[in-house]
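Structure first, then comments.
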Amino acid sequence: MAKVTVPASSWSFGYGYQFVLSGLGTGAQGVAVPDNGAFEGPAMAGGPTAYRTTDGGRRWIPLSLPGASGGLAMLPDGHTIFATGSGEGSGCVGAVYKSTDDGASWTRLPGSCQPYPLLAVQFVSSRIGFAAGGVPAKFGGEQLVEATTNGGQTWQPRWRTPTENGANADDAVLRLDMLTARQGWAVTGGCVGGQNEPCPGTVYVTSDGGYRWQRTSQRAIALVALGPARALAVDDITQTAAATTDGGRTWITQSRPGTIMTSEFAGVGDAQFWATNLGDFLSRDGSRHWAAKNELASPRFTYLSWQAAPPARLLGYNQDGDGDTWASSDGGRTWTAAIVPGATSANQLLAVALESGGTAVAVTGSDGDDCLSKTQISKVEKLKPGWKPPTGASVLYTSTTGGARWDQIGLVLPFGVGLNAAVAVSGDRIAIIDACNRLQLSTDGGAHWTAQALSGEMFCTVSQLSPQSPSQLTAEIWLACTATNADTGNTDSWVLHSADGGSTWLAYRLPATANASYGIFATGPGTAVMPVGGSIWRTTDGGKSWNQSWPAL
């Protein structure tokens with residue numbers, strides 16, 4: 001036994017620790033250890049890793065508990081505590097430690113030693129206990145569970161998986177919640193490689209004391225067992241909670257609307273694509289109802305951004321990649337791969353747009369290095385006969401098949417376009433915000449352009465050229481803009497709307513709770529939608545007023 005004699009520490013811990021207390025009063029005693037679901041490895045760099053309190057948590061004393069690694073359990077007597085930590089030698093990388101005096105001194109239980117880290121420990125009675133751990137998937141992936149029936153004097157392996165280096169590899173067991181000596185739940189996970197955040201894993205369930213574990217489809221960072229068939233699982237990354245009543249075969253996921261986050265939104269008319277922390281979704285009725293489309297996040301599509309147009313067109317592309325595009329005309333059931341011709345290592349794919357009739361446009365270039373006007377280009381051409389815009393100039397390519405095939409000859413644009421620039425297309429009409437924050441409009445497929453200067457204090461993205469019906473197009477243009485409020489210093493969101501092809505504009509400041517960070521997307525004449533978090537804002541009067549709704553995802 002090793003008595004702790006180090007002085008009291010003023011270092012405070014918080015998020016990322018697990019702790020047990022004998023009660024809630026000022027005389028309660030307990031122990032805290034770092035949680036491997038939030039920090040890397042069994043010991044954090046700098047400072048002690050485990051702490052003890054004798055005054056209900058007001059002050060914490062550092063403990064010399066070797067490599068405390070997240071597993072912690074207290075018996076009902078309030079004095080006996082078990083914790084996982086590191087042992088000595090390759091045969092005892094992980095072990096269970098026991099204290100019978102509120103954490104003041106500890107004894108390693110030799111029979112618990114394993115050649116892999118132990119990250120969880122739990123006792124369902126004074127004699128029956130479980131410990132678990134393993135190897136992160138990054139290093140091959142392995143799970144192990146051991147058990148004791150005599151209070152920790154001896155331990156027997158219950159479950160050990162072979163190290164896997166394939167797609168099915170999983171992390172070590174991070175959480176245990178055993179209901180009885182036979183029924184229980186577990187969660188894999190843990191941070192490795194410098195991650196400092198909640199690191200969730202997979203939920204497992206057992207009904208034979210941990211000899212066999214059934215892998216479920218649910219991910220979680222925390223879990224509470226409510227019965228042999230019922231459990232609640234929480235994933236802090238996606239801000240969701242999931243419940244099962246059939247032993248983990250199916251799960252019902254719930255999320256507070258305020259915790260839903262948008263990462264991407266695209267669409268025109270009745271078709272929209274919406275990427276959130278809950279998954280990817282498609283709508284075919286103007287964003288009123290949504291269907292899961294999570295296969296768009298499959299390995300080959302992981303880094304793609306998306307355009308959507310009715311009735312079932314999708315176009316995926318890598319915004320700063322090598323020009324690869326994936327096009328579908330049947331809602332994602334089948335795909336055609338193509339390459340935008342001008343996209344090379346020197347000319348990135350800067351912008352892509354899609355419309356319902358099958359017209360798609362793509363702009364390649366060198367991230368807006370040359371912001372030249374038509375007048376400037378004409379002057380250079382007169383001074384230098386035969387001069388052509390330099391390599392890297394912004395070039396427009398078109399497709400009449402929704403991106404399944406691209407024209408091999410592009411049009412050199414008389415202006416520069418920045419990376420991830422906003423562009424919209426509707427038949428022969430194209431709108432782009434150039435690298436000089438000007439709105440560039442073309443009515444003949446990009447052969448000729450008219451520029452409109454925007455306010456120097458207002459930064460805009462062109463969101464959509466509105467379709468009226470599948471066969472008739474109006475001349476509506478929607479711009480999503482931001483500007484600094486001179487009175488408050490805050491950034492306000494604005495909508496600029498034109499119903500006459502850009503000849504005249506109306507500007508509307510959005511409500512303080514709304515913003516146009518992800519754009520404004522036309523659904524018909526004078527109507528548009530705008531994503532904010534997990535909500536959809538809708539206007540039917542050209543952007544003058546907006547109503548917020550929270551569709552079911």
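Residue names in the structure tokens use chain letters A, B, ... in the order shown, residue numbers from 1 in each chain, and ligand numbers from 1 in the order shown.
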Checklist entry - Within 9 Å of Arg405 in chain A, counting only C-alpha atoms, which residues qualify if same-chain residues fewer than 4 places away don't, as a VMD selection string? => result chain A and resid 327 336 to 340 398 to 401
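Here the DSSP assignment of helix (DSSP H, G or I), based on backbone atoms, applies within range 153-342 of chain A to Pro257, Gly258, Thr259, Asn294, Glu295, Leu296, Ala297, Pro299, Arg300 and Phe301 of chain A.
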For C-alpha atoms, I'd like the residues from the last selection saved as a PDB file, in the first residue's frame.
ATOM      1  CA  PRO A 257     -34.023  21.599 -32.146  1.00  0.00           C
ATOM      2  CA  GLY A 258     -31.515  24.110 -30.847  1.00  0.00           C
ATOM      3  CA  THR A 259     -28.692  21.583 -31.033  1.00  0.00           C
ATOM      4  CA  ASN A 294     -27.112   9.237 -45.578  1.00  0.00           C
ATOM      5  CA  GLU A 295     -25.605   7.150 -48.378  1.00  0.00           C
ATOM      6  CA  LEU A 296     -24.335  10.467 -49.782  1.00  0.00           C
ATOM      7  CA  ALA A 297     -21.816  10.377 -46.934  1.00  0.00           C
ATOM      8  CA  PRO A 299     -16.702   6.707 -48.518  1.00  0.00           C
ATOM      9  CA  ARG A 300     -16.597   7.780 -52.156  1.00  0.00           C
ATOM     10  CA  PHE A 301     -18.749  10.843 -51.400  1.00  0.00           C
TER      11      PHE A 301
END
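Residue nearest Gly357 in chain A, chosen from A:Asp428, A:Asp35, A:Asp322, A:Glu164 and counting only C-alpha atoms: A:Asp428.
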Next on the checklist: Please compute the CA of Ala229 in chain A-CA of Ser217 in chain A distance, one decimal, in Å.
Outcome noted: 14.7 Å
Checklist entry - Where does DSSP see strand (DSSP E) in range 403-491 of chain A, if you list the residues as a PyMOL selection string? => result chain A and resi 411-412+423-426+429-433+438-442+450-453+458-467+473-484+491
Generate a file of the selected residues that holds N, CA and C atoms, formatted as a tab-separated table (two decimals), in the first residue's frame.
chain	number	residue	atom	x	y	z
A	411	LEU	N	-15.25	28.95	-71.51
A	411	LEU	CA	-15.25	30.38	-71.79
A	411	LEU	C	-14.41	31.09	-70.73
A	412	VAL	N	-13.37	31.83	-71.17
A	412	VAL	CA	-12.55	32.59	-70.24
A	412	VAL	C	-13.38	33.78	-69.75
A	423	VAL	N	-22.49	30.82	-57.26
A	423	VAL	CA	-22.92	30.94	-58.65
A	423	VAL	C	-24.29	30.28	-58.77
A	424	ALA	N	-25.13	30.81	-59.67
A	424	ALA	CA	-26.46	30.24	-59.91
A	424	ALA	C	-26.70	30.23	-61.40
A	425	VAL	N	-27.48	29.24	-61.86
A	425	VAL	CA	-27.78	29.11	-63.28
A	425	VAL	C	-29.24	28.78	-63.46
A	426	SER	N	-29.84	29.35	-64.52
A	426	SER	CA	-31.22	29.04	-64.89
A	426	SER	C	-31.31	29.18	-66.40
A	429	ARG	N	-29.29	31.94	-68.27
A	429	ARG	CA	-28.97	33.00	-67.31
A	429	ARG	C	-28.01	32.46	-66.25
A	430	ILE	N	-26.95	33.21	-65.99
A	430	ILE	CA	-25.95	32.83	-64.99
A	430	ILE	C	-25.65	34.06	-64.13
A	431	ALA	N	-25.51	33.85	-62.85
A	431	ALA	CA	-25.15	34.93	-61.93
A	431	ALA	C	-23.98	34.46	-61.06
A	432	ILE	N	-22.98	35.33	-60.88
A	432	ILE	CA	-21.79	35.01	-60.09
A	432	ILE	C	-21.40	36.25	-59.29
A	433	ILE	N	-20.98	36.06	-58.06
A	433	ILE	CA	-20.30	37.12	-57.32
A	433	ILE	C	-18.81	36.95	-57.58
A	438	ARG	N	-18.49	41.97	-56.90
A	438	ARG	CA	-19.46	42.50	-57.85
A	438	ARG	C	-20.38	41.38	-58.31
A	439	LEU	N	-21.63	41.72	-58.56
A	439	LEU	CA	-22.57	40.77	-59.13
A	439	LEU	C	-22.40	40.76	-60.65
A	440	GLN	N	-22.05	39.62	-61.21
A	440	GLN	CA	-21.87	39.46	-62.65
A	440	GLN	C	-23.05	38.67	-63.20
A	441	LEU	N	-23.72	39.24	-64.22
A	441	LEU	CA	-24.91	38.62	-64.80
A	441	LEU	C	-24.71	38.37	-66.28
A	442	SER	N	-25.14	37.19	-66.72
A	442	SER	CA	-25.12	36.84	-68.14
A	442	SER	C	-26.47	36.27	-68.52
A	450	THR	N	-22.64	41.48	-67.58
A	450	THR	CA	-22.90	42.83	-67.06
A	450	THR	C	-22.61	42.82	-65.58
A	451	ALA	N	-21.81	43.78	-65.13
A	451	ALA	CA	-21.41	43.84	-63.72
A	451	ALA	C	-22.21	44.88	-62.97
A	452	GLN	N	-22.57	44.56	-61.73
A	452	GLN	CA	-23.20	45.50	-60.83
A	452	GLN	C	-22.39	45.55	-59.55
A	453	ALA	N	-21.93	46.75	-59.21
A	453	ALA	CA	-21.14	46.90	-57.99
A	453	ALA	C	-22.06	46.84	-56.78
A	458	MET	N	-21.14	45.83	-47.81
A	458	MET	CA	-22.04	44.69	-47.83
A	458	MET	C	-21.41	43.57	-48.65
A	459	PHE	N	-21.30	42.38	-48.06
A	459	PHE	CA	-20.73	41.23	-48.74
A	459	PHE	C	-21.84	40.22	-49.00
A	460	CYS	N	-21.97	39.82	-50.27
A	460	CYS	CA	-23.12	39.02	-50.68
A	460	CYS	C	-22.69	37.74	-51.38
A	461	THR	N	-23.58	36.77	-51.35
A	461	THR	CA	-23.46	35.57	-52.17
A	461	THR	C	-24.75	35.43	-52.96
A	462	VAL	N	-24.63	35.09	-54.23
A	462	VAL	CA	-25.82	34.87	-55.05
A	462	VAL	C	-26.35	33.50	-54.71
A	463	SER	N	-27.62	33.44	-54.32
A	463	SER	CA	-28.18	32.19	-53.86
A	463	SER	C	-28.97	31.47	-54.94
A	464	GLN	N	-29.78	32.19	-55.72
A	464	GLN	CA	-30.60	31.47	-56.66
A	464	GLN	C	-31.18	32.38	-57.71
A	465	LEU	N	-31.41	31.81	-58.91
A	465	LEU	CA	-32.23	32.40	-59.94
A	465	LEU	C	-33.52	31.59	-59.93
A	466	SER	N	-34.63	32.23	-59.63
A	466	SER	CA	-35.85	31.49	-59.28
A	466	SER	C	-36.52	30.83	-60.48
A	467	PRO	N	-36.96	29.59	-60.33
A	467	PRO	CA	-37.81	28.97	-61.36
A	467	PRO	C	-39.28	29.23	-61.04
A	473	LEU	N	-39.22	30.19	-66.79
A	473	LEU	CA	-38.31	30.78	-65.81
A	473	LEU	C	-38.58	32.26	-65.68
A	474	THR	N	-38.58	32.76	-64.46
A	474	THR	CA	-38.71	34.20	-64.24
A	474	THR	C	-37.31	34.80	-64.18
A	475	ALA	N	-37.24	36.07	-63.91
A	475	ALA	CA	-35.96	36.78	-63.86
A	475	ALA	C	-35.62	37.17	-62.43
A	476	GLU	N	-36.04	36.36	-61.45
A	476	GLU	CA	-35.77	36.68	-60.06
A	476	GLU	C	-34.34	36.32	-59.67
A	477	ILE	N	-33.75	37.16	-58.82
A	477	ILE	CA	-32.43	36.90	-58.27
A	477	ILE	C	-32.49	37.15	-56.77
A	478	TRP	N	-31.92	36.23	-56.00
A	478	TRP	CA	-31.85	36.36	-54.55
A	478	TRP	C	-30.38	36.47	-54.14
A	479	LEU	N	-30.08	37.44	-53.29
A	479	LEU	CA	-28.74	37.58	-52.73
A	479	LEU	C	-28.83	37.49	-51.21
A	480	ALA	N	-27.92	36.75	-50.62
A	480	ALA	CA	-27.78	36.68	-49.16
A	480	ALA	C	-26.57	37.53	-48.79
A	481	CYS	N	-26.76	38.52	-47.94
A	481	CYS	CA	-25.70	39.50	-47.68
A	481	CYS	C	-25.51	39.72	-46.18
A	482	THR	N	-24.33	40.18	-45.82
A	482	THR	CA	-24.03	40.61	-44.46
A	482	THR	C	-23.42	41.99	-44.50
A	483	ALA	N	-23.65	42.75	-43.45
A	483	ALA	CA	-23.09	44.10	-43.34
A	483	ALA	C	-22.92	44.44	-41.88
A	484	THR	N	-21.90	45.23	-41.56
A	484	THR	CA	-21.66	45.65	-40.19
A	484	THR	C	-22.58	46.81	-39.83
A	491	THR	N	-22.87	42.24	-36.83
A	491	THR	CA	-23.05	41.89	-38.24
A	491	THR	C	-24.51	41.54	-38.47
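Ranking A:Arg249, A:Val124, A:Gly67, A:Gly37 by their shortest atom-to-atom distance to Gly201 in chain A, with only C-alpha atoms included, puts A:Gly37 first.
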If you count only C-alpha atoms, which residues fall within 7 Å of Gly269 in chain A, apart from same-chain ones fewer than 6 positions away, as a PDB file with C-alpha atoms, in the first residue's frame?
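Produced file selection.pdb, reproduced below:
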ATOM      1  CA  GLY A 286     -39.816  22.761 -51.100  1.00  0.00           C
ATOM      2  CA  ALA A 309     -32.660  20.486 -58.417  1.00  0.00           C
ATOM      3  CA  PRO A 310     -36.104  19.046 -59.151  1.00  0.00           C
ATOM      4  CA  PRO A 467     -37.806  28.972 -61.355  1.00  0.00           C
ATOM      5  CA  ALA A 522     -35.724  29.956 -54.272  1.00  0.00           C
ATOM      6  CA  THR A 523     -38.743  27.653 -54.313  1.00  0.00           C
ATOM      7  CA  GLY A 524     -40.953  29.677 -56.677  1.00  0.00           C
TER       8      GLY A 524
END
Per residue of range 170-230 of chain A within 6 Å of range 126-143 of chain A, record the nearest atom pair and its distance in Å to one decimal, counting only C-alpha atoms, with rows in chain order and ascending residue number, as a tab-separated table.
residue	atom	partner	partner_atom	distance
A:Asp170	CA	A:Ala137	CA	5.1
A:Asp171	CA	A:Pro136	CA	4.3
A:Ala172	CA	A:Gly134	CA	4.2
A:Val173	CA	A:Gly133	CA	4.6
Selected residues, N, CA and C atoms, written as a short mmCIF file (atom, residue, chain, number, x, y, z; two decimals), in the first residue's frame, please.
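Output file selection_35.cif is given in full below:
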data_model
loop_
_atom_site.label_atom_id
_atom_site.label_comp_id
_atom_site.auth_asym_id
_atom_site.auth_seq_id
_atom_site.Cartn_x
_atom_site.Cartn_y
_atom_site.Cartn_z
N ASP A 170 -13.07 -1.89 -34.08
CA ASP A 170 -13.73 -0.98 -33.14
C ASP A 170 -12.75 -0.60 -32.04
N ASP A 171 -13.09 0.43 -31.28
CA ASP A 171 -12.25 0.89 -30.20
C ASP A 171 -12.41 0.01 -28.96
N ALA A 172 -11.62 0.33 -27.94
CA ALA A 172 -11.70 -0.39 -26.67
C ALA A 172 -13.02 -0.10 -25.97
N VAL A 173 -13.40 -0.98 -25.04
CA VAL A 173 -14.60 -0.76 -24.24
C VAL A 173 -14.33 0.40 -23.28
#
Item to check | Atomic distance CA of Gly267 in chain A - CA of Asp280 in chain A, expressed in Å with one decimal | outcome: 13.5 Å
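One distance worth recording is that between CA of Pro198 in chain A and CA of Thr302 in chain A, which is 21.6 Å.
Contact shell of Leu223 in chain A at 10 Å (only C-alpha atoms; same-chain neighbours under 6 positions omitted): A:Arg175, A:Leu176, A:Asp177, A:Trp185, A:Ala186, A:Val187, A:Val203, A:Ala231, A:Leu232, A:Ala233, A:Val234, A:Asp235, A:Ala241, A:Ala242, A:Ala243.
Comparing A:Pro525, A:Pro115, A:Gly85, A:Gly248 by their smallest distance to Pro66 in chain A, the closest is A:Gly85 (using only C-alpha atoms).
Shortest atom-to-atom contact with Val224 in chain A among A:Thr244, A:Ser493, A:Gln239, A:Thr364: A:Thr244, counting only C-alpha atoms.
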Item to check | Given only C-alpha atoms as the counted atoms, nearest of A:Thr245, A:Ser498, A:Thr238, A:Thr540 to Ile260 in chain A | outcome: A:Thr238
